[in-house]
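The next block is start_9.txt, given as compact mmCIF, C-alpha atoms and all ligand atoms.
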# COMPACT_ATOMS: atom_id res chain seq x y z
CA MET N 1 0.00 0.00 0.00
CA THR N 2 1.24 3.51 -0.76
CA VAL N 3 1.72 5.64 2.34
CA THR N 4 2.22 9.40 2.16
CA PRO N 5 4.66 10.47 4.90
CA CYS N 6 4.31 13.56 7.08
CA THR N 7 5.91 16.71 5.66
CA ALA N 8 8.37 19.20 7.17
CA LEU N 9 9.38 22.51 5.60
CA THR N 10 12.87 23.99 6.00
CA ILE N 11 13.38 27.67 5.22
CA ALA N 12 17.16 27.88 5.11
CA GLY N 13 20.38 28.27 3.15
CA SER N 14 22.33 25.79 1.04
CA ASP N 15 25.72 24.43 2.18
CA SER N 16 27.74 23.36 -0.87
CA GLY N 17 29.63 21.00 1.45
CA GLY N 18 26.42 19.09 2.17
CA GLY N 19 26.79 18.93 5.97
CA ALA N 20 24.76 21.92 7.25
CA GLY N 21 21.88 24.07 6.00
CA VAL N 22 19.07 22.56 3.92
CA GLN N 23 21.25 19.57 3.12
CA ALA N 24 21.47 18.69 6.84
CA ASP N 25 17.75 19.30 7.22
CA LEU N 26 16.77 17.13 4.25
CA ARG N 27 18.92 14.22 5.28
CA THR N 28 17.58 14.46 8.82
CA PHE N 29 13.98 14.58 7.62
CA PHE N 30 14.64 11.58 5.35
CA ALA N 31 16.34 9.60 8.11
CA ASN N 32 13.32 10.21 10.32
CA GLY N 33 10.75 9.17 7.72
CA VAL N 34 9.52 12.67 6.92
CA HIS N 35 9.13 14.21 3.43
CA GLY N 36 11.25 17.39 3.28
CA LEU N 37 10.04 20.59 1.61
CA VAL N 38 12.41 23.50 0.96
CA ALA N 39 12.26 27.27 0.71
CA LEU N 40 15.86 28.22 -0.12
CA THR N 41 16.99 31.59 1.29
CA ALA N 42 20.66 31.78 0.32
CA VAL N 43 23.43 29.88 -1.41
CA THR N 44 26.66 29.63 0.56
CA VAL N 45 30.00 28.79 -1.01
CA GLN N 46 31.77 26.61 1.50
CA ASN N 47 33.72 23.47 2.28
CA SER N 48 35.06 21.83 5.43
CA LEU N 49 37.46 24.76 5.94
CA GLY N 50 34.78 27.45 6.11
CA VAL N 51 32.32 29.70 4.32
CA GLN N 52 33.81 31.70 1.44
CA GLY N 53 30.72 33.82 0.82
CA PHE N 54 27.01 33.72 0.15
CA SER N 55 24.38 35.15 -2.11
CA GLU N 56 20.80 35.53 -0.97
CA ILE N 57 17.75 34.46 -2.98
CA PRO N 58 15.36 37.29 -4.00
CA VAL N 59 12.72 37.82 -1.29
CA ASP N 60 9.75 37.16 -3.59
CA VAL N 61 11.27 33.82 -4.62
CA VAL N 62 11.68 32.81 -0.95
CA THR N 63 8.05 33.56 -0.12
CA ALA N 64 6.76 32.00 -3.36
CA GLN N 65 8.47 28.72 -2.45
CA ILE N 66 6.74 28.68 0.96
CA LYS N 67 3.33 29.40 -0.55
CA ALA N 68 3.75 26.90 -3.40
CA VAL N 69 4.39 23.94 -1.12
CA ALA N 70 2.11 24.97 1.76
CA GLU N 71 -0.92 25.55 -0.44
CA ASP N 72 -0.57 22.34 -2.44
CA MET N 73 1.21 19.74 -0.31
CA GLY N 74 0.53 20.87 3.25
CA VAL N 75 3.13 21.35 5.98
CA ASN N 76 3.02 19.36 9.24
CA ALA N 77 5.87 21.35 10.84
CA ALA N 78 8.35 24.02 9.71
CA LYS N 79 11.75 25.33 10.72
CA THR N 80 14.02 28.21 9.81
CA GLY N 81 17.82 28.15 9.61
CA MET N 82 19.99 30.72 7.78
CA LEU N 83 17.78 33.66 6.72
CA ALA N 84 20.55 36.09 5.70
CA THR N 85 18.74 39.47 5.79
CA ALA N 86 16.09 41.44 7.69
CA GLU N 87 14.03 41.71 4.47
CA ILE N 88 13.88 37.92 4.11
CA ILE N 89 12.97 37.52 7.80
CA GLN N 90 10.14 40.06 7.58
CA ALA N 91 8.74 38.51 4.41
CA VAL N 92 8.98 34.96 5.80
CA ALA N 93 7.13 36.02 8.98
CA LYS N 94 4.29 37.57 6.95
CA THR N 95 4.05 34.54 4.65
CA LEU N 96 3.97 32.08 7.56
CA ASP N 97 0.93 33.95 8.90
CA GLU N 98 -0.74 33.71 5.49
CA VAL N 99 -0.26 29.92 5.28
CA HIS N 100 -1.11 29.37 8.98
CA ILE N 101 2.24 28.16 10.29
CA GLY N 102 3.34 29.13 13.82
CA ARG N 103 2.63 28.84 17.52
CA THR N 104 -0.96 30.09 17.35
CA THR N 105 -1.86 27.60 14.57
CA ASP N 106 -1.97 23.79 14.34
CA THR N 107 1.43 23.74 12.56
CA PRO N 108 4.46 23.92 14.87
CA PHE N 109 7.32 26.22 13.89
CA VAL N 110 10.92 25.89 15.10
CA VAL N 111 13.33 28.84 14.84
CA ASP N 112 17.03 27.96 14.84
CA PRO N 113 18.48 31.50 15.02
CA VAL N 114 21.51 30.87 12.81
CA ALA N 115 23.86 33.86 13.01
CA ALA N 116 27.28 32.50 12.09
CA SER N 117 29.02 29.34 10.92
CA MET N 118 31.16 27.37 13.36
CA THR N 119 34.21 28.98 11.80
CA GLY N 120 32.79 32.41 12.72
CA HIS N 121 31.65 33.50 9.27
CA ALA N 122 28.52 35.69 9.50
CA LEU N 123 25.46 34.10 7.90
CA LEU N 124 23.16 36.94 8.93
CA ARG N 125 23.55 40.64 8.28
CA GLU N 126 23.94 42.44 11.59
CA GLU N 127 20.73 44.48 11.48
CA ALA N 128 18.77 41.24 11.01
CA LEU N 129 19.19 40.11 14.65
CA GLU N 130 16.46 42.51 15.74
CA ALA N 131 14.13 41.09 13.06
CA ILE N 132 14.74 37.57 14.40
CA ARG N 133 13.79 38.76 17.90
CA THR N 134 10.71 40.75 16.93
CA GLU N 135 9.36 38.97 13.82
CA LEU N 136 10.24 35.32 14.30
CA PHE N 137 10.42 34.58 18.03
CA PRO N 138 6.80 35.61 18.77
CA ARG N 139 5.64 33.21 16.04
CA ALA N 140 7.82 30.30 17.19
CA THR N 141 6.66 27.17 18.95
CA LEU N 142 10.30 26.62 19.94
CA ILE N 143 13.61 28.46 19.49
CA THR N 144 16.92 26.56 19.62
CA PRO N 145 19.90 28.94 20.06
CA ASN N 146 23.40 27.76 20.87
CA LEU N 147 25.39 29.73 23.45
CA ASP N 148 26.97 32.10 20.92
CA GLU N 149 23.53 32.94 19.57
CA VAL N 150 22.19 33.38 23.13
CA ARG N 151 24.90 35.97 23.78
CA LEU N 152 24.16 37.86 20.56
CA LEU N 153 20.40 37.81 21.19
CA THR N 154 20.28 38.58 24.94
CA GLY N 155 23.71 39.77 25.99
CA VAL N 156 23.79 36.93 28.56
CA SER N 157 27.06 34.95 28.60
CA VAL N 158 26.22 31.43 29.73
CA THR N 159 28.99 29.94 31.83
CA ASP N 160 27.08 27.61 34.18
CA THR N 161 23.62 26.22 34.99
CA LYS N 162 22.51 29.42 36.72
CA SER N 163 23.30 31.65 33.75
CA GLN N 164 21.77 29.07 31.40
CA HIS N 165 18.47 29.42 33.31
CA ALA N 166 18.78 33.24 33.27
CA ALA N 167 19.35 33.16 29.49
CA ALA N 168 16.26 30.97 28.98
CA GLU N 169 14.14 33.44 30.94
CA ALA N 170 15.50 36.39 28.95
CA LEU N 171 14.78 34.56 25.67
CA LEU N 172 11.19 33.70 26.68
CA GLU N 173 10.54 37.44 26.98
CA PHE N 174 10.76 37.65 23.17
CA GLY N 175 7.54 35.63 22.96
CA SER N 176 8.24 32.09 21.75
CA GLN N 177 6.23 29.32 23.39
CA TRP N 178 9.29 27.21 24.29
CA VAL N 179 13.03 27.91 24.53
CA LEU N 180 15.81 25.33 24.24
CA VAL N 181 19.18 26.69 25.42
CA LYS N 182 21.67 24.15 24.12
CA GLY N 183 24.65 23.59 26.43
CA GLY N 184 26.91 21.88 23.91
CA HIS N 185 29.29 24.84 23.69
CA LEU N 186 29.96 24.80 27.48
CA TYR N 187 33.19 22.98 26.81
CA ASP N 188 34.24 22.75 30.50
CA ALA N 189 31.14 20.76 31.42
CA VAL N 190 31.47 16.97 31.63
CA ASP N 191 27.99 16.37 30.23
CA CYS N 192 26.10 18.19 27.54
CA VAL N 193 23.02 19.64 29.26
CA ASP N 194 20.28 21.37 27.27
CA LEU N 195 17.61 23.41 29.06
CA LEU N 196 14.03 23.36 27.76
CA THR N 197 11.35 25.62 29.24
CA ASP N 198 8.02 27.25 28.45
CA GLY N 199 8.10 29.32 31.62
CA SER N 200 6.25 26.76 33.73
CA ALA N 201 7.86 23.42 32.82
CA VAL N 202 11.65 23.41 33.21
CA ILE N 203 13.33 20.34 31.74
CA GLU N 204 17.07 19.58 31.79
CA LEU N 205 18.16 17.09 29.16
CA SER N 206 21.55 15.61 29.88
CA GLY N 207 23.70 13.57 27.52
CA PRO N 208 27.32 12.54 27.16
CA ARG N 209 29.83 14.99 25.67
CA ILE N 210 31.22 13.17 22.66
CA ASP N 211 34.83 13.75 21.71
CA THR N 212 35.01 14.54 17.98
CA GLU N 213 36.38 17.25 15.71
CA ASN N 214 33.57 16.66 13.25
CA THR N 215 30.52 18.61 14.38
CA HIS N 216 29.58 20.51 11.22
CA GLY N 217 25.79 20.79 10.88
CA GLY N 218 25.10 19.69 14.47
CA GLY N 219 22.73 22.56 15.32
CA ASP N 220 20.82 22.25 12.06
CA THR N 221 20.50 18.48 12.51
CA MET N 222 19.19 18.90 16.08
CA ALA N 223 16.58 21.48 15.01
CA SER N 224 15.45 19.44 12.01
CA ALA N 225 15.22 16.26 14.12
CA ILE N 226 12.95 18.18 16.52
CA THR N 227 10.91 19.42 13.54
CA SER N 228 10.63 15.83 12.22
CA SER N 229 9.16 14.62 15.51
CA LEU N 230 6.79 17.59 15.70
CA ALA N 231 5.66 16.87 12.11
CA LYS N 232 4.78 13.32 13.23
CA GLY N 233 2.67 14.72 16.08
CA ALA N 234 4.97 14.64 19.11
CA ASP N 235 4.65 17.37 21.75
CA VAL N 236 7.64 19.69 22.27
CA PRO N 237 9.28 17.92 25.29
CA THR N 238 8.96 14.54 23.52
CA ALA N 239 10.27 15.94 20.22
CA VAL N 240 13.30 17.51 21.93
CA ALA N 241 14.07 14.32 23.89
CA GLU N 242 13.84 12.20 20.71
CA ALA N 243 16.03 14.69 18.81
CA LYS N 244 18.64 14.67 21.58
CA ARG N 245 19.00 10.88 21.29
CA PHE N 246 19.14 11.22 17.49
CA ILE N 247 21.84 13.95 17.45
CA GLU N 248 24.02 12.12 20.00
CA ARG N 249 24.29 9.18 17.65
CA CYS N 250 24.85 11.54 14.67
CA VAL N 251 27.78 13.14 16.53
CA LEU N 252 29.14 9.72 17.56
CA GLU N 253 29.14 8.65 13.91
CA ALA N 254 30.36 11.99 12.47
CA TYR N 255 32.97 11.41 9.79
CA PRO N 256 36.04 13.25 8.51
CA LEU N 257 35.55 14.81 5.05
CA GLY N 258 37.91 17.42 3.64
CA ALA N 259 40.82 19.02 5.50
CA GLY N 260 38.66 20.82 8.08
CA VAL N 261 35.53 19.99 10.08
CA GLY N 262 33.52 16.99 8.90
CA PRO N 263 29.73 16.61 9.21
CA VAL N 264 27.60 14.90 11.84
CA SER N 265 25.96 11.85 10.33
CA PRO N 266 22.34 10.71 10.27
CA PHE N 267 23.32 7.61 8.22
CA TRP N 268 23.20 5.35 11.30
CA ARG N 269 19.40 5.66 11.35
CA LEU N 270 19.09 3.96 7.95
CA ALA N 271 20.65 0.81 9.38
CA ASN N 272 18.57 1.14 12.57
CA PRO N 273 15.04 2.22 11.70
CA GLN N 274 13.06 2.59 14.99
O1 LIG N 301 25.19 25.45 11.02
C1 LIG N 301 24.67 26.66 10.69
C2 LIG N 301 24.48 26.80 9.20
C3 LIG N 301 23.22 26.93 8.69
N1 LIG N 301 22.98 27.08 7.37
C4 LIG N 301 23.98 27.11 6.49
C5 LIG N 301 25.29 26.98 6.93
C6 LIG N 301 25.56 26.82 8.32
C7 LIG N 301 26.92 26.68 8.80
O2 LIG N 301 27.89 26.69 8.11
O3 LIG N 301 26.27 27.00 6.05
C8 LIG N 301 23.69 27.28 5.04
Here is the file; what I need is its structure written in the form of structure tokens.
Amino acid sequence: MTVTPCTALTIAGSDSGGGAGVQADLRTFFANGVHGLVALTAVTVQNSLGVQGFSEIPVDVVTAQIKAVAEDMGVNAAKTGMLATAEIIQAVAKTLDEVHIGRTTDTPFVVDPVAASMTGHALLREEALEAIRTELFPRATLITPNLDEVRLLTGVSVTDTKSQHAAAEALLEFGSQWVLVKGGHLYDAVDCVDLLTDGSAVIELSGPRIDTENTHGGGDTMASAITSSLAKGADVPTAVAEAKRFIERCVLEAYPLGAGVGPVSPFWRLANPQ
């Protein structure tokens, strides 16, 4: 019998190296049994050594992609990654309202506030940070910043559990339903503890810190794994817990590719379907 899978939409940039961006999202959706839809926002030129530059897609082409797939195929959950400019962010926010995606609708929306690559190359024009805070966060079911993004967005430098909780509270003020403050960049910590809260529930998700150089695309893969679970109907705490188990294995099986940082790998899932 033919079965149509659930769908997830990624609104994000392309990574020519195939490890981050829409490529990470699509392989994560696929590995989790979800049909991936794409609204491309930018094309980066990059390899394992870093990002050499990017060119953004015209705003009307970004929004037309969202409308084309949402109106015909339907979207069970959506996420954003690299959005490049304030104009794209504003137009995406307006379009998501038009196609009924976001925290006040039946379609969950995850915002991964991508600001820079791991090698420090800006993937967002500076004035666009304010648009992320004011246009996207209030529409988000969940936001998933790493600690560098937390600092840029709130000014809070997370150094321990107490400041991680303070950062989560500051982020909730921007109006998302849930906040996930990922602790992976707290390199002194023995474990990797992520903090998930909606202001009333406060959930600490702890996992082992895995020793690898190859972590390219880790944040994107985590956010798209969460989006996959949400697309299949999981609630936010369940989706984040499932994604945490998924990403741990992806980091464990990350592989070297090129002379720099290799990608995390969702391939293990193909050999181990749930
Ligand atoms: O990992 C963040 C990210 C998101 N999107 C694109 C990227 C990167 C990091 O390099 O290239 C397109």
| said: Excluding segment 148-165 of chain N and its own-chain neighbours fewer than 3 positions away, which residues fall within 8 Å of it when counting all atoms listed in the file? Please give them as an MDAnalysis selection string. | reply: chainID N and resid 113:115 129 133 145 168:171 181 183 186 195
| task | Find the residues near segment 254-259 of chain N: any atom within 12 Å, counting all atoms listed in the file, skip ones fewer than 6 places away on the same chain, and give them as a list in words. | result |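 Result of the neighbour search: Gly17, Gly18, Gly19, Gln46, Asn47, Ser48, Leu49, Gly50, Ile210, Asp211, Thr212, Glu213, Asn214, Thr215, His216, Gly217, Gly218, Thr221, Ile247, Glu248, Ser265, Pro266, Phe267 and Trp268 of chain N.
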| Of the residues N:Thr28, N:Thr119, N:Gln65, N:Thr107, which is the one nearest to ligand LIG 301 (chain N), using all atoms listed in the file? |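 So, comparing all the options, the nearest one is N:Thr119.
Atom CA of Asn146 of chain N sits 12.4 Å away from atom CA of Tyr187 of chain N.
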| note | If you count all atoms listed in the file, the residue of N:Leu124, N:Val236, N:Val179, N:Met222 closest to Arg27 of chain N turns out to be N:Met222
| field | All residues having an atom within 7 Å of ligand LIG 301 (chain N) (all atoms listed in the file) as a ChimeraX atom specification | value | /N:12-15,20-22,43-44,51,81-82,114,116-118,216-220
| request: Taking the point (10.7, 23.7, 4.5) as given in the file, collect each protein or nucleic acid residue that comes within 6 Å of it, counting all atoms listed in the file, and present the set as a VMD selection string. | output: chain N and resid 8 to 11 37 to 39 78
